[in-house]
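Below is start_16.txt, holding compact mmCIF, C-alpha atoms.
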```
# COMPACT_ATOMS: atom_id res chain seq x y z
CA MET A 268 49.07 205.34 153.41
CA THR A 269 51.15 202.24 153.84
CA GLN A 270 49.21 199.04 153.54
CA PRO A 271 49.63 196.56 156.38
CA PRO A 272 51.65 193.50 155.46
CA GLN A 273 49.66 190.73 153.97
CA ASN A 274 49.33 187.71 156.19
CA PRO A 275 49.71 184.42 154.36
CA TYR A 276 46.92 182.97 156.45
CA GLY A 277 44.48 185.59 155.19
CA HIS A 278 43.45 187.10 158.53
CA ASP A 279 44.06 190.43 160.24
CA PRO A 280 47.68 190.54 161.54
CA ARG A 281 46.48 192.22 164.69
CA TYR A 282 45.12 188.90 165.79
CA PRO A 283 47.36 185.97 166.71
CA ALA A 284 47.73 182.99 164.45
CA PRO A 285 44.72 180.71 164.66
CA ASP A 286 44.87 177.85 167.12
CA VAL A 287 42.57 175.19 165.79
CA TYR A 288 42.75 173.32 169.09
CA GLY A 289 42.18 176.33 171.40
CA PRO A 290 38.84 177.64 172.58
CA GLY A 291 37.41 180.34 170.34
CA ALA A 292 40.05 179.79 167.68
CA GLY A 293 39.65 181.51 164.34
CA LEU A 294 39.34 178.83 161.69
CA TYR A 295 40.39 179.24 158.07
CA GLY A 296 41.23 182.97 158.26
CA GLN A 297 38.28 184.09 160.44
CA PRO A 298 38.95 186.18 163.56
CA PRO A 299 38.22 184.53 166.88
CA GLN A 300 34.64 184.72 168.04
CA GLU A 301 33.55 185.63 171.50
CA HIS A 302 32.23 182.70 173.57
CA ALA A 303 32.96 180.28 170.77
CA GLN A 304 32.81 176.57 171.49
CA PRO A 305 36.08 174.66 171.68
CA ALA A 306 37.21 173.34 168.34
CA TYR A 307 37.74 169.78 169.60
CA PRO A 308 36.04 167.22 167.40
CA TYR A 309 34.58 165.27 170.34
CA GLY A 310 34.05 168.16 172.73
CA GLN A 311 36.85 167.17 175.11
CA PRO A 312 40.43 168.42 175.08
CA PRO A 313 43.14 165.80 174.64
CA GLN A 314 44.50 164.45 177.92
CA PRO A 315 48.19 164.91 178.57
CA GLY A 316 50.23 161.75 178.81
CA PRO A 317 53.76 160.39 178.48
CA PRO A 318 55.43 160.81 175.12
CA GLN A 319 54.50 158.00 172.77
CA GLN A 320 57.35 155.89 171.42
CA PRO A 321 57.08 154.58 167.88
CA GLY A 322 55.78 151.03 167.69
CA GLN A 323 54.58 150.91 171.31
CA PRO A 324 50.95 150.17 172.16
CA GLY A 325 48.99 152.89 173.87
CA GLN A 326 47.08 156.12 173.20
CA GLY A 327 47.73 157.23 169.67
CA GLY A 328 50.01 154.24 168.97
CA TRP A 329 49.58 150.87 167.31
CA PRO A 330 48.46 148.37 168.27
CA PRO A 331 45.85 149.86 170.57
CA ALA A 332 46.27 149.46 174.30
CA SER A 333 43.37 146.98 174.37
CA TYR A 334 45.36 144.58 172.18
CA PRO A 335 48.19 142.87 174.14
CA PRO A 336 51.45 142.26 172.30
CA ARG A 337 51.66 138.91 170.56
CA LYS A 338 53.36 136.24 172.64
CA ARG A 339 56.40 134.52 171.24
CA GLN A 340 58.46 131.52 172.19
CA ARG A 341 60.90 132.54 174.88
CA ASP A 342 64.45 131.28 174.82
CA SER A 343 65.47 129.09 177.73
CA GLU A 344 68.94 130.66 177.91
CA PRO A 345 71.21 127.63 178.52
CA GLY A 346 74.00 129.91 179.74
CA ARG A 347 77.75 129.81 179.24
CA PHE A 348 80.18 126.94 179.58
CA VAL A 349 81.52 126.43 183.09
CA TRP A 350 84.28 124.25 184.43
CA GLY A 351 81.66 121.89 185.79
CA ASP A 352 80.61 121.02 182.24
CA LEU A 353 84.12 119.82 181.45
CA ILE A 354 84.13 117.79 184.66
CA ALA A 355 80.78 116.24 183.65
CA VAL A 356 82.12 115.29 180.21
CA LEU A 357 85.21 113.69 181.73
CA ALA A 358 83.08 111.86 184.29
CA TYR A 359 80.79 110.52 181.56
CA VAL A 360 83.73 109.29 179.50
CA VAL A 361 85.36 107.59 182.47
CA VAL A 362 82.25 106.23 184.18
CA MET A 363 80.09 105.16 181.23
CA LEU A 364 82.12 105.01 178.02
CA VAL A 365 85.46 103.67 179.25
CA GLY A 366 83.67 101.44 181.74
CA GLY A 367 84.79 102.85 185.07
CA VAL A 368 81.47 101.89 186.58
CA SER A 369 82.28 98.24 185.78
CA LEU A 370 84.87 98.35 188.57
CA LEU A 371 81.91 97.81 190.87
CA ALA A 372 81.90 94.23 189.59
CA LEU A 373 84.91 93.63 191.84
CA VAL A 374 82.98 94.71 194.94
CA PRO A 375 80.54 92.45 196.84
CA PRO A 376 77.66 91.82 196.38
CA PHE A 377 78.11 92.51 192.66
CA SER A 378 81.08 90.16 192.41
CA THR A 379 79.08 87.42 194.10
CA MET A 380 76.10 87.85 191.78
CA LEU A 381 78.26 87.99 188.65
CA GLY A 382 80.17 84.87 189.68
CA SER A 383 77.11 82.86 190.66
CA GLY A 384 76.69 81.29 187.23
CA VAL A 385 72.97 82.07 187.34
CA GLU A 386 71.93 84.18 184.38
CA GLN A 387 69.22 86.02 186.29
CA GLN A 388 71.61 87.18 189.01
CA GLU A 389 74.26 88.14 186.47
CA GLN A 390 71.86 90.27 184.44
CA GLN A 391 70.42 91.91 187.53
CA ALA A 392 73.93 92.71 188.76
CA LEU A 393 74.75 94.36 185.44
CA PHE A 394 71.55 96.37 185.65
CA LEU A 395 72.28 97.56 189.20
CA ILE A 396 75.79 98.59 188.17
CA ASN A 397 74.34 100.73 185.39
CA VAL A 398 71.75 102.16 187.77
CA ILE A 399 74.59 103.45 189.93
CA GLY A 400 76.48 104.79 186.92
CA TYR A 401 73.51 106.67 185.50
CA GLY A 402 72.48 107.80 188.97
CA VAL A 403 75.87 109.47 189.44
CA MET A 404 75.69 111.12 186.01
CA VAL A 405 72.14 112.39 186.58
CA VAL A 406 73.16 114.00 189.87
CA ILE A 407 76.07 115.76 188.12
CA ALA A 408 73.93 116.82 185.15
CA LEU A 409 71.11 118.15 187.34
CA ALA A 410 73.52 120.06 189.56
CA LEU A 411 74.98 121.82 186.53
CA SER A 412 71.78 122.37 184.54
CA ALA A 413 69.17 122.99 187.26
CA LYS A 414 68.82 126.71 186.47
CA ALA A 415 68.61 126.13 182.72
CA LEU A 416 66.07 123.36 183.31
CA TRP A 417 63.91 125.70 185.40
CA ARG A 418 64.12 128.43 182.76
CA SER A 419 63.00 125.91 180.15
CA VAL A 420 60.08 124.94 182.39
CA ARG A 421 58.97 128.58 182.58
CA ALA A 422 59.34 128.99 178.82
CA PHE A 423 57.32 125.81 178.28
CA GLY A 424 54.07 127.72 178.90
CA HIS A 425 53.99 129.14 175.37
CA LEU A 426 51.61 126.86 173.40
CA TRP A 427 52.15 124.14 176.00
CA TRP A 428 49.11 122.17 174.81
CA LEU A 429 50.51 121.98 171.28
CA LYS A 430 53.91 120.90 172.54
CA LEU A 431 52.40 118.07 174.59
CA LEU A 432 50.28 117.00 171.64
CA LEU A 433 53.35 116.83 169.42
CA VAL A 434 55.18 114.45 171.77
CA PRO A 435 53.32 111.28 170.66
CA VAL A 436 53.07 112.66 167.14
CA ALA A 437 56.86 112.99 167.00
CA TRP A 438 57.26 109.42 168.25
CA VAL A 439 54.95 108.00 165.59
CA GLY A 440 56.62 110.16 162.96
CA THR A 441 60.02 108.84 164.05
CA LEU A 442 58.87 105.24 163.60
CA ILE A 443 57.37 105.89 160.19
CA LEU A 444 60.34 107.90 158.93
CA THR A 445 62.79 105.29 160.20
CA ALA A 446 60.88 102.47 158.55
CA LEU A 447 60.66 104.37 155.25
CA VAL A 448 64.38 105.18 155.24
CA VAL A 449 65.27 101.56 156.03
CA LEU A 450 62.97 100.29 153.29
CA SER A 451 64.46 102.73 150.79
CA LEU A 452 67.91 101.33 151.61
CA GLY A 453 66.67 97.85 150.80
CA GLY A 454 67.10 96.26 154.22
CA GLU A 455 65.88 96.15 157.78
CA PRO A 456 67.42 97.26 161.08
CA GLU A 457 70.10 94.89 162.26
CA THR A 458 70.30 93.73 165.85
CA SER A 459 73.59 94.86 167.33
CA GLU A 460 75.53 93.16 170.08
CA ASN A 461 74.51 95.88 172.48
CA GLN A 462 70.87 95.31 171.57
CA LEU A 463 71.17 91.58 172.23
CA ALA A 464 72.72 92.31 175.64
CA ILE A 465 69.88 94.70 176.50
CA GLU A 466 67.23 92.18 175.46
CA SER A 467 68.87 89.54 177.66
CA MET A 468 68.87 91.93 180.60
CA LEU A 469 65.25 93.03 180.13
CA ALA A 470 64.14 89.43 180.54
CA PHE A 471 65.18 89.60 184.23
CA VAL A 472 64.51 93.26 185.08
CA PRO A 473 61.09 94.58 186.19
CA PHE A 474 59.37 96.93 183.79
CA LEU A 475 59.21 99.88 186.20
CA ALA A 476 62.91 99.57 187.03
CA ALA A 477 63.75 99.64 183.32
CA VAL A 478 61.52 102.70 182.88
CA LEU A 479 63.37 104.49 185.68
CA VAL A 480 66.81 103.92 184.17
CA MET A 481 66.21 103.69 180.41
CA GLY A 482 63.11 105.87 180.27
CA LEU A 483 63.95 108.71 182.67
CA LEU A 484 67.56 108.82 183.88
CA GLY A 485 69.32 107.86 180.66
CA PRO A 486 67.46 110.36 178.45
CA TYR A 487 68.23 113.27 180.76
CA VAL A 488 71.94 112.47 180.78
CA GLU A 489 72.02 112.27 176.99
CA GLU A 490 69.99 115.44 176.50
CA TYR A 491 72.32 117.29 178.85
CA PHE A 492 75.34 116.39 176.71
CA PHE A 493 73.92 116.26 173.18
CA ARG A 494 71.43 119.12 173.29
CA HIS A 495 72.17 121.32 176.30
CA LEU A 496 75.95 121.42 175.83
CA LEU A 497 76.52 120.67 172.13
CA ILE A 498 73.71 122.95 170.95
CA GLY A 499 72.52 125.20 173.78
CA LYS A 500 75.84 126.42 175.13
CA LEU A 501 77.96 125.88 172.04
CA SER A 502 75.55 128.01 169.97
CA ARG A 503 76.85 131.10 171.80
CA TYR A 504 79.99 130.72 169.70
CA ILE A 505 78.87 128.78 166.59
CA ASN A 506 75.73 128.98 164.44
CA ILE A 507 73.00 126.99 166.14
CA TRP A 508 72.23 124.88 163.04
CA ILE A 509 75.88 123.88 162.72
CA CYS A 510 75.71 122.83 166.37
CA GLY A 511 72.60 120.82 165.52
CA VAL A 512 74.46 118.94 162.79
CA ILE A 513 77.29 118.19 165.24
CA SER A 514 74.77 116.83 167.74
CA VAL A 515 73.03 114.64 165.15
CA ILE A 516 76.35 113.17 163.99
CA THR A 517 77.76 112.46 167.44
CA PHE A 518 74.54 111.04 168.91
CA PRO A 519 74.72 107.69 167.04
CA LEU A 520 78.44 107.31 167.73
CA LEU A 521 77.77 106.93 171.45
CA HIS A 522 75.90 103.70 170.81
CA PHE A 523 78.57 102.19 168.58
CA ILE A 524 81.80 102.99 170.42
CA PRO A 525 82.93 99.31 170.65
CA ALA A 526 82.38 98.90 166.90
CA LEU A 527 84.35 102.07 166.19
CA VAL A 528 87.23 100.92 168.38
CA LEU A 529 87.22 97.53 166.65
CA MET A 530 87.23 99.16 163.22
CA LEU A 531 90.22 101.31 164.17
CA ALA A 532 92.09 98.30 165.52
CA ASP A 533 91.22 95.98 162.63
CA PRO A 534 89.44 97.55 159.63
CA SER A 535 88.75 94.11 158.16
CA ALA A 536 87.00 92.79 161.27
CA PRO A 537 83.20 92.45 161.01
CA THR A 538 81.19 94.82 163.21
CA ASP A 539 77.55 95.67 163.80
CA LEU A 540 78.13 99.24 162.61
CA THR A 541 76.30 99.60 159.29
CA VAL A 542 74.35 102.34 157.59
CA ILE A 543 71.05 100.63 158.36
CA SER A 544 71.86 100.14 162.05
CA VAL A 545 72.67 103.84 162.38
CA VAL A 546 69.44 105.06 160.75
CA PRO A 547 67.20 104.93 163.90
CA TYR A 548 69.69 107.01 165.88
CA VAL A 549 70.12 109.60 163.13
CA VAL A 550 66.35 109.99 162.78
CA MET A 551 65.79 110.26 166.53
CA GLY A 552 68.71 112.63 166.98
CA SER A 553 67.35 114.84 164.21
CA VAL A 554 63.87 114.94 165.77
CA PHE A 555 65.20 115.74 169.24
CA THR A 556 67.51 118.42 167.84
CA LEU A 557 64.77 120.15 165.84
CA ALA A 558 62.44 120.10 168.83
CA TYR A 559 65.14 121.52 171.09
CA ILE A 560 65.95 124.40 168.74
CA LEU A 561 62.39 125.30 167.71
CA THR A 562 61.15 125.39 171.31
CA GLY A 563 63.76 127.95 172.34
CA ARG A 564 66.56 125.56 173.33
CA SER A 565 64.19 123.89 175.79
CA LEU A 566 65.94 121.21 177.82
CA ILE A 567 62.70 120.04 179.44
CA TYR A 568 60.99 119.50 176.10
CA ALA A 569 63.91 117.59 174.57
CA TRP A 570 63.95 115.36 177.65
CA LEU A 571 60.18 114.79 177.42
CA LEU A 572 60.49 113.68 173.80
CA HIS A 573 63.43 111.39 174.53
CA ALA A 574 61.82 109.91 177.64
CA PHE A 575 58.50 109.28 175.87
CA ASN A 576 60.34 107.61 173.00
CA ASN A 577 62.24 105.27 175.33
CA VAL A 578 59.26 104.45 177.51
CA MET A 579 57.20 103.51 174.47
CA ALA A 580 60.11 101.39 173.19
CA LEU A 581 60.10 99.56 176.54
CA VAL A 582 56.35 99.06 176.31
CA MET A 583 56.90 97.52 172.89
CA ALA A 584 59.71 95.31 174.18
CA TYR A 585 57.87 94.12 177.30
CA PHE A 586 54.31 93.81 176.06
CA VAL A 587 53.71 94.36 172.34
CA GLN A 588 56.58 92.42 170.81
CA PRO A 589 56.08 89.19 172.86
CA GLN A 590 52.36 89.25 172.11
CA LEU A 591 53.04 89.79 168.42
CA GLU A 592 55.57 86.98 168.27
CA GLN A 593 53.22 84.68 170.13
CA PHE A 594 50.39 85.55 167.76
CA LEU A 595 52.55 84.86 164.71
CA GLU A 596 53.73 81.57 166.20
CA ASP A 597 50.20 80.43 167.02
CA SER A 598 49.01 81.45 163.57
CA GLY A 599 51.85 79.65 161.82
CA ILE A 600 53.03 82.89 160.17
CA ASP A 601 56.78 83.12 159.81
CA ASP A 602 56.91 86.42 157.96
CA VAL A 603 54.23 89.09 158.08
CA GLY A 604 55.99 90.79 155.16
CA GLY A 605 56.16 94.37 153.98
CA LEU A 606 56.08 97.42 156.17
CA VAL A 607 54.74 95.56 159.23
CA ALA A 608 57.80 93.33 159.43
CA HIS A 609 60.20 96.23 159.03
CA THR A 610 58.32 98.34 161.55
CA GLY A 611 58.52 95.49 164.06
CA ALA A 612 62.27 95.34 163.55
CA VAL A 613 62.48 99.10 164.04
CA LEU A 614 60.61 98.83 167.33
CA ARG A 615 63.10 96.27 168.57
CA VAL A 616 66.06 98.47 167.70
CA LEU A 617 64.53 101.53 169.40
CA THR A 618 64.90 99.88 172.81
CA GLU A 619 68.65 100.40 172.49
CA THR A 620 68.52 104.16 172.37
CA THR A 621 69.66 104.98 175.90
CA LEU A 622 71.36 102.37 178.06
CA ALA A 623 74.98 101.61 177.15
CA LEU A 624 75.49 98.34 179.00
CA THR A 625 79.02 97.60 180.15
CA GLY A 626 78.20 93.93 179.83
CA GLY A 627 77.17 94.45 176.23
CA LYS A 628 80.35 96.28 175.40
```

Spell out the structure here as C-alpha cells.
Amino acid sequence: MTQPPQNPYGHDPRYPAPDVYGPGAGLYGQPPQEHAQPAYPYGQPPQPGPPQQPGQPGQGGWPPASYPPRKRQRDSEPGRFVWGDLIAVLAYVVVMLVGGVSLLALVPPFSTMLGSGVEQQEQQALFLINVIGYGVMVVIALALSAKALWRSVRAFGHLWWLKLLLVPVAWVGTLILTALVVLSLGGEPETSENQLAIESMLAFVPFLAAVLVMGLLGPYVEEYFFRHLLIGKLSRYINIWICGVISVITFPLLHFIPALVLMLADPSAPTDLTVISVVPYVVMGSVFTLAYILTGRSLIYAWLLHAFNNVMALVMAYFVQPQLEQFLEDSGIDDVGGLVAHTGAVLRVLTETTLALTGGK
C-alpha cells in the first residue's frame, strides 16, 4: 500500500494547515480540537485597521499612538524674490543712503527750522526728516514682508519662552563679546562722526520719540534687508551660511558709507573707519544672523533682538551714561580703568546701530 505523503508540519494531510490565529487551530502538528478556545494570547481577535506605514505612530508602530511626535522648529518660509524687493532696495538707496530724504530740508517748515540758527530746532528738524524717511521705508518693507512676518509669528510658538529669555541674554553677551574683542585689539571703540551727530540730536529729542524711530522702525527696515532678503530669500539659491557671511559683512558697511566714499576719493584722507569702530557692528550682525537662522529664518525674532538692543542702547544714552558721567565727575574720577571704561565706551557706540542721520553724513 502506498504511504501518504509526509507533511513537513507533522500532521495528517487530510487536515488543513494549522492556523495559529484561528479558533480551534491545531498547534504544533496536533489536529484541530472540537470547541477549542481561540488561540489569541489575550482572548480577543486583532481588530482590523488601516495598513501601518513604517515609522508612523499608531497600532503596532513606533512610537505608540499615546506619544505625540516631537515638535521641531518650523521654518518661516521667507518666500521668493519679487519685483517689489528690488523696488524696496532702490528706494532705500535713494531715500536713505544717497540722501533723497534730505530734499525735505528745502520744504517749509523744515527749511525754516534748519535756517533758524537755533541748535534745538535744527536737530529736531533733522530728526523729523529721518522719521519721514524711515516711515516710508517701513511701509514698503511691511507691505512686502507682511506674509513672511505672520508666518514667523506662527512659528515663534516653538519654545517661545526660551526665545524670549534669550533676548536679554543675547544683548548682554553682545556687550561682553564686543568689549573683549576691543580689549584684545588693544584699544577702545572710537566715536565716529555719525555717532557725534546722533548724540547731538538725542539731546533735543524726547526719549519715546527716539525709541519709536531708532528702537522700532529702524531695526525692522534693517532686518528686512539684511536678514529677510540677504539670508531668507537669497538662501533659496545659495547656501544659507554663505548668505549669513554676506549679511554680516555688509551690515557694518551701511554705517560707514561716507567713510568708504571718502576712502575711494582720497585713500590718504583720515576717516573714522577703523577695525575697532567696526567691531560692534560685526558682533551684533553675527548675533542677529545666528538668531535668524537658528529660529527658522524668523523675521519677528531677528527684529525683537535688534529692537531690544537699540532700546537698551537708548536707555544707556539717556539715563545710564549721564548718571555715570555725573558720578565720576562728582567723585573726581577721570578714568575708571579696565573693563568698566571700555564697556562704557561700547555702550556709547551701540547707540549708533540704526539711525543713519543725513545731517551726520

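With only C-alpha atoms as the atoms that count, the residue of A:Ala446, A:Ser502, A:Met579, A:Tyr559 with the shortest distance to A:Ser544 is A:Ala446.
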
| All residues 9 Å or closer to stretch 387-403 of chain A, all atoms listed in the file, same chain fewer than 6 positions away omitted, as an MDAnalysis selection string | chainID A and resid 359 362:363 367:369 371:372 376:378 380:381 467:472 477 479:480 484:485 488 622:626

Those selected residues, please, written with C-alpha atoms and delivered as a PDB file, in the coordinates of the input.
```pdb
ATOM      1  CA  TYR A 359      80.790 110.520 181.560  1.00  0.00           C
ATOM      2  CA  VAL A 362      82.250 106.230 184.180  1.00  0.00           C
ATOM      3  CA  MET A 363      80.090 105.160 181.230  1.00  0.00           C
ATOM      4  CA  GLY A 367      84.790 102.850 185.070  1.00  0.00           C
ATOM      5  CA  VAL A 368      81.470 101.890 186.580  1.00  0.00           C
ATOM      6  CA  SER A 369      82.280  98.240 185.780  1.00  0.00           C
ATOM      7  CA  LEU A 371      81.910  97.810 190.870  1.00  0.00           C
ATOM      8  CA  ALA A 372      81.900  94.230 189.590  1.00  0.00           C
ATOM      9  CA  PRO A 376      77.660  91.820 196.380  1.00  0.00           C
ATOM     10  CA  PHE A 377      78.110  92.510 192.660  1.00  0.00           C
ATOM     11  CA  SER A 378      81.080  90.160 192.410  1.00  0.00           C
ATOM     12  CA  MET A 380      76.100  87.850 191.780  1.00  0.00           C
ATOM     13  CA  LEU A 381      78.260  87.990 188.650  1.00  0.00           C
ATOM     14  CA  SER A 467      68.870  89.540 177.660  1.00  0.00           C
ATOM     15  CA  MET A 468      68.870  91.930 180.600  1.00  0.00           C
ATOM     16  CA  LEU A 469      65.250  93.030 180.130  1.00  0.00           C
ATOM     17  CA  ALA A 470      64.140  89.430 180.540  1.00  0.00           C
ATOM     18  CA  PHE A 471      65.180  89.600 184.230  1.00  0.00           C
ATOM     19  CA  VAL A 472      64.510  93.260 185.080  1.00  0.00           C
ATOM     20  CA  ALA A 477      63.750  99.640 183.320  1.00  0.00           C
ATOM     21  CA  LEU A 479      63.370 104.490 185.680  1.00  0.00           C
ATOM     22  CA  VAL A 480      66.810 103.920 184.170  1.00  0.00           C
ATOM     23  CA  LEU A 484      67.560 108.820 183.880  1.00  0.00           C
ATOM     24  CA  GLY A 485      69.320 107.860 180.660  1.00  0.00           C
ATOM     25  CA  VAL A 488      71.940 112.470 180.780  1.00  0.00           C
ATOM     26  CA  LEU A 622      71.360 102.370 178.060  1.00  0.00           C
ATOM     27  CA  ALA A 623      74.980 101.610 177.150  1.00  0.00           C
ATOM     28  CA  LEU A 624      75.490  98.340 179.000  1.00  0.00           C
ATOM     29  CA  THR A 625      79.020  97.600 180.150  1.00  0.00           C
ATOM     30  CA  GLY A 626      78.200  93.930 179.830  1.00  0.00           C
TER      31      GLY A 626
END
```

| Quick one: of A:Leu521, A:Leu429, A:Leu557, A:Val420, who's nearest to A:Leu540, counting all atoms listed in the file? | A:Leu521

| Quick one: of A:Ala413, A:Leu571, A:Leu444, A:Ala408, who's nearest to A:Ser343, counting all atoms listed in the file? | A:Ala413

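Comparing the minimum interatomic distances between A:Leu483 and each of A:Gly453, A:Val406, A:Trp570, A:Ile354, counting all atoms listed in the file, we find that A:Trp570 sits nearest.
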
Can you pull out the residues contacting A:Phe518? Cut-off 12 Å, using only C-alpha atoms, and skip same-chain residues under 5 positions away; I want them as a compact mmCIF listing (two decimals) with C-alpha atoms, keeping the file's coordinate frame.
```txt
# COMPACT_ATOMS: atom_id res chain seq x y z
CA PRO A 486 67.46 110.36 178.45
CA GLU A 489 72.02 112.27 176.99
CA GLU A 490 69.99 115.44 176.50
CA TYR A 491 72.32 117.29 178.85
CA PHE A 492 75.34 116.39 176.71
CA PHE A 493 73.92 116.26 173.18
CA ARG A 494 71.43 119.12 173.29
CA LEU A 497 76.52 120.67 172.13
CA GLY A 511 72.60 120.82 165.52
CA VAL A 512 74.46 118.94 162.79
CA ILE A 513 77.29 118.19 165.24
CA PHE A 523 78.57 102.19 168.58
CA ILE A 524 81.80 102.99 170.42
CA VAL A 545 72.67 103.84 162.38
CA VAL A 546 69.44 105.06 160.75
CA PRO A 547 67.20 104.93 163.90
CA TYR A 548 69.69 107.01 165.88
CA VAL A 549 70.12 109.60 163.13
CA VAL A 550 66.35 109.99 162.78
CA MET A 551 65.79 110.26 166.53
CA GLY A 552 68.71 112.63 166.98
CA SER A 553 67.35 114.84 164.21
CA VAL A 554 63.87 114.94 165.77
CA PHE A 555 65.20 115.74 169.24
CA THR A 556 67.51 118.42 167.84
CA THR A 620 68.52 104.16 172.37
CA THR A 621 69.66 104.98 175.90
```

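The space separating atom CA of A:Glu466 from atom CA of A:Ala355 comes to 28.8 Å.
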
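Between atom CA of A:Thr541 and atom CA of A:Ser451 the separation is 14.9 Å.
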
| said: Using Å and a single decimal, report how far atom CA of A:Ala410 sits from atom CA of A:Phe474. | reply: 27.7 Å

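Proximity of A:Val356, A:Ile560, A:Val436, A:Val542 to A:Glu344, computed with only C-alpha atoms, is greatest for A:Ile560.
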
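Distance check against A:Arg418 using all atoms listed in the file: of A:Gln593, A:Ser514, A:Gln588, A:Ser565, the minimum falls on A:Ser565.
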